Amino acid sequence: YLVYSNNPFAVELLEQLKKYGCKIYFDIMDNFAIHPSLCQSEREAALRGYNKILTFADCISANSQQTCDFMAKYSSKKIFLVKNGVFLNNETNQIKDCPQIKQLLSKKTRFSKTVGYVGKLGKRLDENIIKEISDKCKETLFVFVGPYLTGQINDNLIYLFKNSSNVLHLDGIPSAYVYSMLDQFDILMIPHSVGKNENGGDPLKLYQYMTRSKPIITTPILGVEEFKDYIKITSDVQQWIEFIENDCYEDKIIDSNEFAWETRIKPIISEINL
């Protein structure tokens with residue numbers, strides 16, 4: 001049997017399955033040894049798990065070069081770089097069944113433009129950028145769709161949600177509705193903090209965004225630079241405002257097949273002989 005896991009805390013189970021003759025494919029989706037949502041003792045436990053699992057896993061991958069480099073310090077085995085991907089046909093047209101989309105459709109009629117973010121909310125969001133662009137772009141509705149990361153309540157962000165008439169928070173949605181939700185926005189954004197609140201991962205939401213053929217603006221977080229010809233990358237608030245208000249973007253479309261899972265996973269399929 002082939003066992004897939006991305007959980008360093010499941011080390012004892014994986015070790016037992018290995019003894020039973022299973023082939024172990026371990027995928028380091030997020031580096032929990034440095035992840036900001038965990039406390040120090042949890043990060044240390046994750047690192048111990050990684051150290052043990054890397055000794056017996058048959059195939060190992062990580063979704064960013066930074067994580068590959070980090071794990072290489074603890075294992076001499078090859079660690080495949082397998083960045084995040086998307087299923088290109090994973091969407092539904094039944095938007096009437098999604099209350100969050102219905103809320104958005106009602107609210108957005110009062111604004112000239114809608115800028116959206118879909119993902120987990122927490123300290124990685126730069127509330128200073130969000131406050132400044134929402135203050136300056138009063139005719140634009142800024143929408144954040146998603147649940148809060150455990151242990152990462154951002155009080156300043158919550159204050160914006162409660163007190164800014166053009167900033168809207170919607171609860172998380174099932175993955176089947178993500179693309180239908182993205183289709184409701186004029187511009188897609190990733191206003192993340194750069195530096196200490198990053199987790200060294202690969203920006204899955206950017207790949208989801210790029211399937212929609214819409215303008216995208218992001219701060220210069222890890223993993224976005226390679227797409228600089230297709231998206232706007234900046235931490236400068238004035239450039240964010242100009243991009244949003246003045247339609248300062250070109251109509252450049254990237255081939256989504258480049259980051260489809262069917263393409264991303266090919267090296268692993270070859271390695272484990274599937």
# chains A, B, ... in the order shown; residues from 1 in each chain; ligands from 1
call {"tool": "closest_atom_pairs", "arguments": {"of": "range 29-121 of chain A", "to": "range 156-173 of chain A", "cutoff": "8 Å", "atoms": "only C-alpha atoms", "output": "Markdown table"}}
result
| residue | atom | partner | partner_atom | distance |
| --- | --- | --- | --- | --- |
| A:Cys98 | CA | A:Ile173 | CA | 7.8 |
| A:Gln100 | CA | A:Leu170 | CA | 6.1 |
| A:Gly119 | CA | A:Gly172 | CA | 7.7 |
| A:Lys120 | CA | A:Gly172 | CA | 7.8 |
call {"tool": "write_last_selection", "arguments": {"atoms": "C-alpha atoms", "output": "compact mmCIF listing (two decimals), in the first residue's frame"}}
result
# COMPACT_ATOMS: atom_id res chain seq x y z
CA CYS A 98 -23.95 29.47 -1.17
CA GLN A 100 -21.87 33.98 1.31
CA GLY A 119 -8.30 32.33 2.32
CA LYS A 120 -7.70 31.89 6.02
call {"tool": "select_by_dssp", "arguments": {"residues": "range 68-205 of chain A", "states": "strand (DSSP E)", "output": "PyMOL selection string"}}
result
chain A and resi 79-81+113-118+140-145+167-170+187-190
call {"tool": "atom_distance", "arguments": {"atom1": "CA of Cys22 in chain A", "atom2": "CA of Val3 in chain A"}}
result
6.6 Å
call {"tool": "closest_atom_pairs", "arguments": {"of": "range 63-109 of chain A", "to": "range 260-263 of chain A", "cutoff": "6 Å", "atoms": "only C-alpha atoms", "output": "JSON lines"}}
result
{"residue": "A:Gly85", "atom": "CA", "partner": "A:Trp261", "partner_atom": "CA", "distance": 4.7}
{"residue": "A:Val86", "atom": "CA", "partner": "A:Ala260", "partner_atom": "CA", "distance": 4.9}
{"residue": "A:Phe87", "atom": "CA", "partner": "A:Ala260", "partner_atom": "CA", "distance": 5.9}
call {"tool": "write_last_selection", "arguments": {"atoms": "N, CA, C and O atoms", "output": "PDB file, in the first residue's frame"}}
result
ATOM      1  N   GLY A  85      -0.860  23.180  -6.495  1.00  0.00           N
ATOM      2  CA  GLY A  85      -1.528  23.145  -7.784  1.00  0.00           C
ATOM      3  C   GLY A  85      -3.021  23.305  -7.620  1.00  0.00           C
ATOM      4  O   GLY A  85      -3.535  23.450  -6.502  1.00  0.00           O
ATOM      5  N   VAL A  86      -3.725  23.286  -8.730  1.00  0.00           N
ATOM      6  CA  VAL A  86      -5.177  23.414  -8.711  1.00  0.00           C
ATOM      7  C   VAL A  86      -5.786  22.368  -9.635  1.00  0.00           C
ATOM      8  O   VAL A  86      -5.144  21.886 -10.562  1.00  0.00           O
ATOM      9  N   PHE A  87      -7.029  22.005  -9.345  1.00  0.00           N
ATOM     10  CA  PHE A  87      -7.820  21.179 -10.243  1.00  0.00           C
ATOM     11  C   PHE A  87      -8.620  22.134 -11.119  1.00  0.00           C
ATOM     12  O   PHE A  87      -9.486  22.854 -10.633  1.00  0.00           O
TER      13      PHE A  87
END
call {"tool": "closest_residue", "arguments": {"among": "A:Lys113, A:Arg48, A:Lys232, A:Lys266", "to": "Pro215 in chain A", "atoms": "only C-alpha atoms"}}
result
A:Lys232
call {"tool": "residues_around", "arguments": {"residues": "range 30-39 of chain A", "least_positions_apart": "2", "cutoff": "10 Å", "atoms": "only C-alpha atoms", "output": "NGL selection string"}}
result
:A and (6-9 or 27-28 or 41-50 or 62-64 or 66-68 or 70-71 or 122-124 or 149-152 or 196-202)
call {"tool": "closest_residue", "arguments": {"among": "A:Lys107, A:Asp126, A:Asp247, A:Tyr179", "to": "Asn89 in chain A", "atoms": "only C-alpha atoms"}}
result
A:Tyr179
call {"tool": "residues_around", "arguments": {"residues": "range 241-244 of chain A", "least_positions_apart": "4", "cutoff": "9 Å", "atoms": "only C-alpha atoms", "output": "number ranges by chain"}}
result
A: 113, 115, 132-134, 136-137, 140, 187, 217, 232, 236-237, 248-249
call {"tool": "closest_residue", "arguments": {"among": "A:Phe227, A:Tyr74, A:Phe56, A:Phe185", "to": "Ile253 in chain A", "atoms": "only C-alpha atoms"}}
result
A:Phe227
call {"tool": "atom_distance", "arguments": {"atom1": "CA of Lys108 in chain A", "atom2": "CA of Met181 in chain A"}}
result
12.6 Å
call {"tool": "closest_residue", "arguments": {"among": "A:Lys52, A:Lys228, A:Lys83, A:Arg264", "to": "Lys252 in chain A", "atoms": "only C-alpha atoms"}}
result
A:Lys228
call {"tool": "closest_residue", "arguments": {"among": "A:Phe111, A:Asn51, A:Asn257, A:Ala57", "to": "Lys18 in chain A", "atoms": "only C-alpha atoms"}}
result
A:Ala57
call {"tool": "select_by_dssp", "arguments": {"residues": "range 1-127 of chain A", "states": "alpha helix (DSSP H)", "output": "MDAnalysis selection string"}}
result
chainID A and resid 11:19 40:56 65:72 99:107 127
call {"tool": "write_last_selection", "arguments": {"atoms": "N, CA and C atoms", "output": "short mmCIF file (atom, residue, chain, number, x, y, z; two decimals), in the first residue's frame"}}
result
data_model
loop_
_atom_site.label_atom_id
_atom_site.label_comp_id
_atom_site.auth_asym_id
_atom_site.auth_seq_id
_atom_site.Cartn_x
_atom_site.Cartn_y
_atom_site.Cartn_z
N VAL A 11 3.95 10.78 13.38
CA VAL A 11 5.18 10.04 13.18
C VAL A 11 5.07 8.58 13.65
N GLU A 12 4.45 8.33 14.80
CA GLU A 12 4.36 6.96 15.30
C GLU A 12 3.49 6.09 14.40
N LEU A 13 2.39 6.63 13.93
CA LEU A 13 1.52 5.88 13.02
C LEU A 13 2.25 5.56 11.72
N LEU A 14 2.93 6.55 11.16
CA LEU A 14 3.64 6.33 9.90
C LEU A 14 4.77 5.31 10.07
N GLU A 15 5.45 5.38 11.20
CA GLU A 15 6.52 4.42 11.46
C GLU A 15 5.97 3.00 11.54
N GLN A 16 4.82 2.84 12.17
CA GLN A 16 4.20 1.52 12.28
C GLN A 16 3.75 1.00 10.92
N LEU A 17 3.16 1.89 10.11
CA LEU A 17 2.72 1.49 8.77
C LEU A 17 3.91 1.09 7.90
N LYS A 18 5.03 1.77 8.08
CA LYS A 18 6.24 1.41 7.36
C LYS A 18 6.69 0.00 7.73
N LYS A 19 6.60 -0.34 9.01
CA LYS A 19 6.98 -1.69 9.47
C LYS A 19 6.07 -2.76 8.88
N GLN A 40 5.83 27.58 20.47
CA GLN A 40 7.21 27.09 20.36
C GLN A 40 7.29 25.59 20.62
N SER A 41 6.60 25.09 21.62
CA SER A 41 6.66 23.65 21.92
C SER A 41 6.08 22.82 20.79
N GLU A 42 5.04 23.34 20.13
CA GLU A 42 4.46 22.62 18.99
C GLU A 42 5.42 22.62 17.80
N ARG A 43 6.10 23.73 17.58
CA ARG A 43 7.09 23.79 16.50
C ARG A 43 8.24 22.81 16.75
N GLU A 44 8.66 22.72 18.01
CA GLU A 44 9.73 21.79 18.35
C GLU A 44 9.28 20.35 18.16
N ALA A 45 8.04 20.04 18.53
CA ALA A 45 7.51 18.69 18.32
C ALA A 45 7.41 18.37 16.84
N ALA A 46 7.02 19.35 16.03
CA ALA A 46 6.95 19.15 14.59
C ALA A 46 8.32 18.83 14.01
N LEU A 47 9.34 19.55 14.47
CA LEU A 47 10.69 19.31 13.96
C LEU A 47 11.17 17.91 14.33
N ARG A 48 10.86 17.46 15.55
CA ARG A 48 11.23 16.09 15.92
C ARG A 48 10.53 15.09 15.02
N GLY A 49 9.27 15.36 14.71
CA GLY A 49 8.53 14.47 13.80
C GLY A 49 9.14 14.44 12.42
N TYR A 50 9.47 15.60 11.88
CA TYR A 50 10.11 15.65 10.57
C TYR A 50 11.42 14.86 10.58
N ASN A 51 12.24 15.08 11.61
CA ASN A 51 13.53 14.39 11.70
C ASN A 51 13.37 12.88 11.62
N LYS A 52 12.39 12.34 12.32
CA LYS A 52 12.18 10.90 12.34
C LYS A 52 11.60 10.40 11.01
N ILE A 53 10.58 11.09 10.51
CA ILE A 53 9.91 10.65 9.29
C ILE A 53 10.85 10.67 8.10
N LEU A 54 11.72 11.68 8.04
CA LEU A 54 12.64 11.78 6.90
C LEU A 54 13.63 10.62 6.83
N THR A 55 13.79 9.89 7.95
CA THR A 55 14.71 8.76 7.93
C THR A 55 14.12 7.54 7.25
N PHE A 56 12.77 7.41 7.25
CA PHE A 56 12.19 6.18 6.69
C PHE A 56 11.21 6.41 5.54
N GLN A 65 10.84 26.11 -2.33
CA GLN A 65 12.28 25.88 -2.29
C GLN A 65 12.83 26.19 -0.91
N GLN A 66 12.23 27.16 -0.22
CA GLN A 66 12.67 27.49 1.13
C GLN A 66 12.50 26.31 2.07
N THR A 67 11.39 25.58 1.93
CA THR A 67 11.15 24.42 2.78
C THR A 67 12.08 23.27 2.40
N CYS A 68 12.32 23.09 1.09
CA CYS A 68 13.28 22.07 0.65
C CYS A 68 14.64 22.32 1.28
N ASP A 69 15.09 23.57 1.24
CA ASP A 69 16.40 23.93 1.79
C ASP A 69 16.43 23.71 3.30
N PHE A 70 15.34 24.05 3.97
CA PHE A 70 15.26 23.89 5.43
C PHE A 70 15.38 22.41 5.79
N MET A 71 14.63 21.55 5.11
CA MET A 71 14.61 20.12 5.43
C MET A 71 15.90 19.42 5.02
N ALA A 72 16.60 19.97 4.05
CA ALA A 72 17.86 19.36 3.60
C ALA A 72 18.90 19.35 4.72
N PRO A 99 -24.70 30.85 0.73
CA PRO A 99 -25.20 32.10 1.35
C PRO A 99 -24.18 33.24 1.29
N GLN A 100 -22.88 32.92 1.36
CA GLN A 100 -21.87 33.98 1.31
C GLN A 100 -21.88 34.69 -0.04
N ILE A 101 -22.07 33.94 -1.11
CA ILE A 101 -22.13 34.57 -2.44
C ILE A 101 -23.38 35.43 -2.54
N LYS A 102 -24.48 34.97 -1.97
CA LYS A 102 -25.70 35.77 -1.99
C LYS A 102 -25.52 37.07 -1.19
N GLN A 103 -24.81 36.99 -0.06
CA GLN A 103 -24.52 38.19 0.71
C GLN A 103 -23.70 39.18 -0.11
N LEU A 104 -22.70 38.66 -0.79
CA LEU A 104 -21.83 39.51 -1.58
C LEU A 104 -22.60 40.17 -2.72
N LEU A 105 -23.41 39.41 -3.41
CA LEU A 105 -24.16 39.96 -4.54
C LEU A 105 -25.07 41.11 -4.09
N SER A 106 -25.61 41.00 -2.88
CA SER A 106 -26.46 42.05 -2.35
C SER A 106 -25.66 43.30 -1.99
N LYS A 107 -24.51 43.10 -1.37
CA LYS A 107 -23.69 44.21 -0.88
C LYS A 107 -22.99 44.96 -2.01
N GLU A 127 -2.92 44.52 8.00
CA GLU A 127 -4.07 45.39 8.26
C GLU A 127 -3.77 46.85 7.94
#
call {"tool": "atom_distance", "arguments": {"atom1": "CA of Asp255 in chain A", "atom2": "CA of Lys205 in chain A"}}
result
16.0 Å
